[in-house]
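Report on the following structure.
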Amino acid sequence: MSTHADQTRKHVKLLAYAGLIPFVGMAILMWLIDADLHPFVTLALAGYGAAIVSFLGGIHWGIGFRNVARMHNAPLFNFGWGVVPSLLAWIAITMPAYAGLPLLAFILTLCYMVDRKAYVEAGLQDWLPMRLHLTVVAAMSCLIGAAAT
């Protein structure tokens, strides 16, 4: 791998792990603030979780478009699955935090389970260890935040 590719991978990983800061920060904050502020922080945590889940679905559209460009025939799975996480996240953010945050944790886990197969098929399996770390921390943050409600 070239030096430029190594640098890019390093920057991507840095950005990805930095994306955990809001998850961890808000989950901890839930345990430190007065109960009357919980609705604001849980909404922020759920909203951020929903945005990340939607991003994870969007990656599949990128994979699908790349497949179309390379093979002129991409499986519809990439495009179909790509919208499912955002629809599920939309449901989760309409629920009370004690139910919506665990649902987001489940969706994050489901996304990882789908990605374990889809990333391998797309030649992206080198990213799976990082995806597992991100999923575990993000899902646990949602559960920890929900436990504080």
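Going through the structure tokens in order, the chains are called A, B, and so on, while each chain numbers its residues from 1 and the ligands are numbered from 1 in the order shown.
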Can you pull out every residue within 12 Å of A:Trp31, counting only C-alpha atoms, but drop anything in the same chain fewer than 3 positions away, and send it as number ranges by chain?
A: 24-28, 34-35, 37-38, 41-42, 141, 144-149
Please identify all polymer residues within 9 Å of A:Ala139, counting only C-alpha atoms, omitting same-chain residues fewer than 6 positions from it, and present them as number ranges by chain.
A: 23, 49, 101-102, 104-109
Show which residues sit within 9 Å of A:Phe77, as a VMD selection string. Count only C-alpha atoms, and ignore same-chain residues fewer than 4 positions away.
chain A and resid 60 64 81 to 82
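When atom CA of A:Arg116 is paired with atom CA of A:Leu128, their separation reads 6.8 Å.
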Where in stretch 7-149 of chain A does DSSP assign alpha helix (DSSP H), given as a ChimeraX atom specification?
/A:7-18,21-32,38-71,76-93,97-121,128-147
Closest of A:Ala99, A:Leu143, A:Lys13, A:Gly57 to A:Pro129, counting only C-alpha atoms, is A:Lys13
Please compute the atom CA of A:Phe65-atom CA of A:Gly80 distance, one decimal, in Å.
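Atom-to-atom, atom CA of A:Phe65 and atom CA of A:Gly80 are spaced 12.5 Å apart.
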Rank A:Cys111, A:Ala92, A:Leu103, A:Ala18 by their smallest atom-to-atom distance to A:Met140, using only C-alpha atoms, and report the top residue only.
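Between A:Cys111, A:Ala92, A:Leu103, A:Ala18, the residue approaching A:Met140 most closely is A:Leu103.
Atom pair atom CA of A:Thr94 / atom CA of A:Phe55: separated by 18.6 Å.
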Excluding A:Met130 and its own-chain neighbours fewer than 4 positions away, which residues fall within 9 Å of it when counting only C-alpha atoms? Please give them as an mmCIF file with N, CA and C atoms, in the first residue's frame.
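Written file, part-v4.cif:
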data_model
loop_
_atom_site.group_PDB
_atom_site.id
_atom_site.type_symbol
_atom_site.label_atom_id
_atom_site.label_comp_id
_atom_site.auth_asym_id
_atom_site.auth_seq_id
_atom_site.Cartn_x
_atom_site.Cartn_y
_atom_site.Cartn_z
ATOM 1 N N LYS A 13 -9.574 6.418 10.092
ATOM 2 C CA LYS A 13 -9.732 5.804 11.414
ATOM 3 C C LYS A 13 -9.836 6.866 12.508
ATOM 4 N N ALA A 16 -13.273 8.314 12.311
ATOM 5 C CA ALA A 16 -14.268 7.334 12.756
ATOM 6 C C ALA A 16 -14.297 7.230 14.276
ATOM 7 N N TYR A 17 -13.133 7.105 14.888
ATOM 8 C CA TYR A 17 -13.094 6.993 16.347
ATOM 9 C C TYR A 17 -13.489 8.300 17.024
ATOM 10 N N ASP A 126 -11.170 -5.346 5.454
ATOM 11 C CA ASP A 126 -10.129 -4.784 6.331
ATOM 12 C C ASP A 126 -10.695 -3.754 7.306
ATOM 13 N N LEU A 134 -16.371 0.375 16.761
ATOM 14 C CA LEU A 134 -17.292 1.515 16.715
ATOM 15 C C LEU A 134 -18.701 1.089 17.118
ATOM 16 N N THR A 135 -19.122 -0.058 16.622
ATOM 17 C CA THR A 135 -20.469 -0.553 16.924
ATOM 18 C C THR A 135 -20.630 -0.851 18.406
#
Pick from A:Leu20, A:Leu87, A:Ile63, A:Ala138: nearest to A:Asp115, with only C-alpha atoms counted?
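Smallest distance to A:Asp115 is found for A:Ile63.
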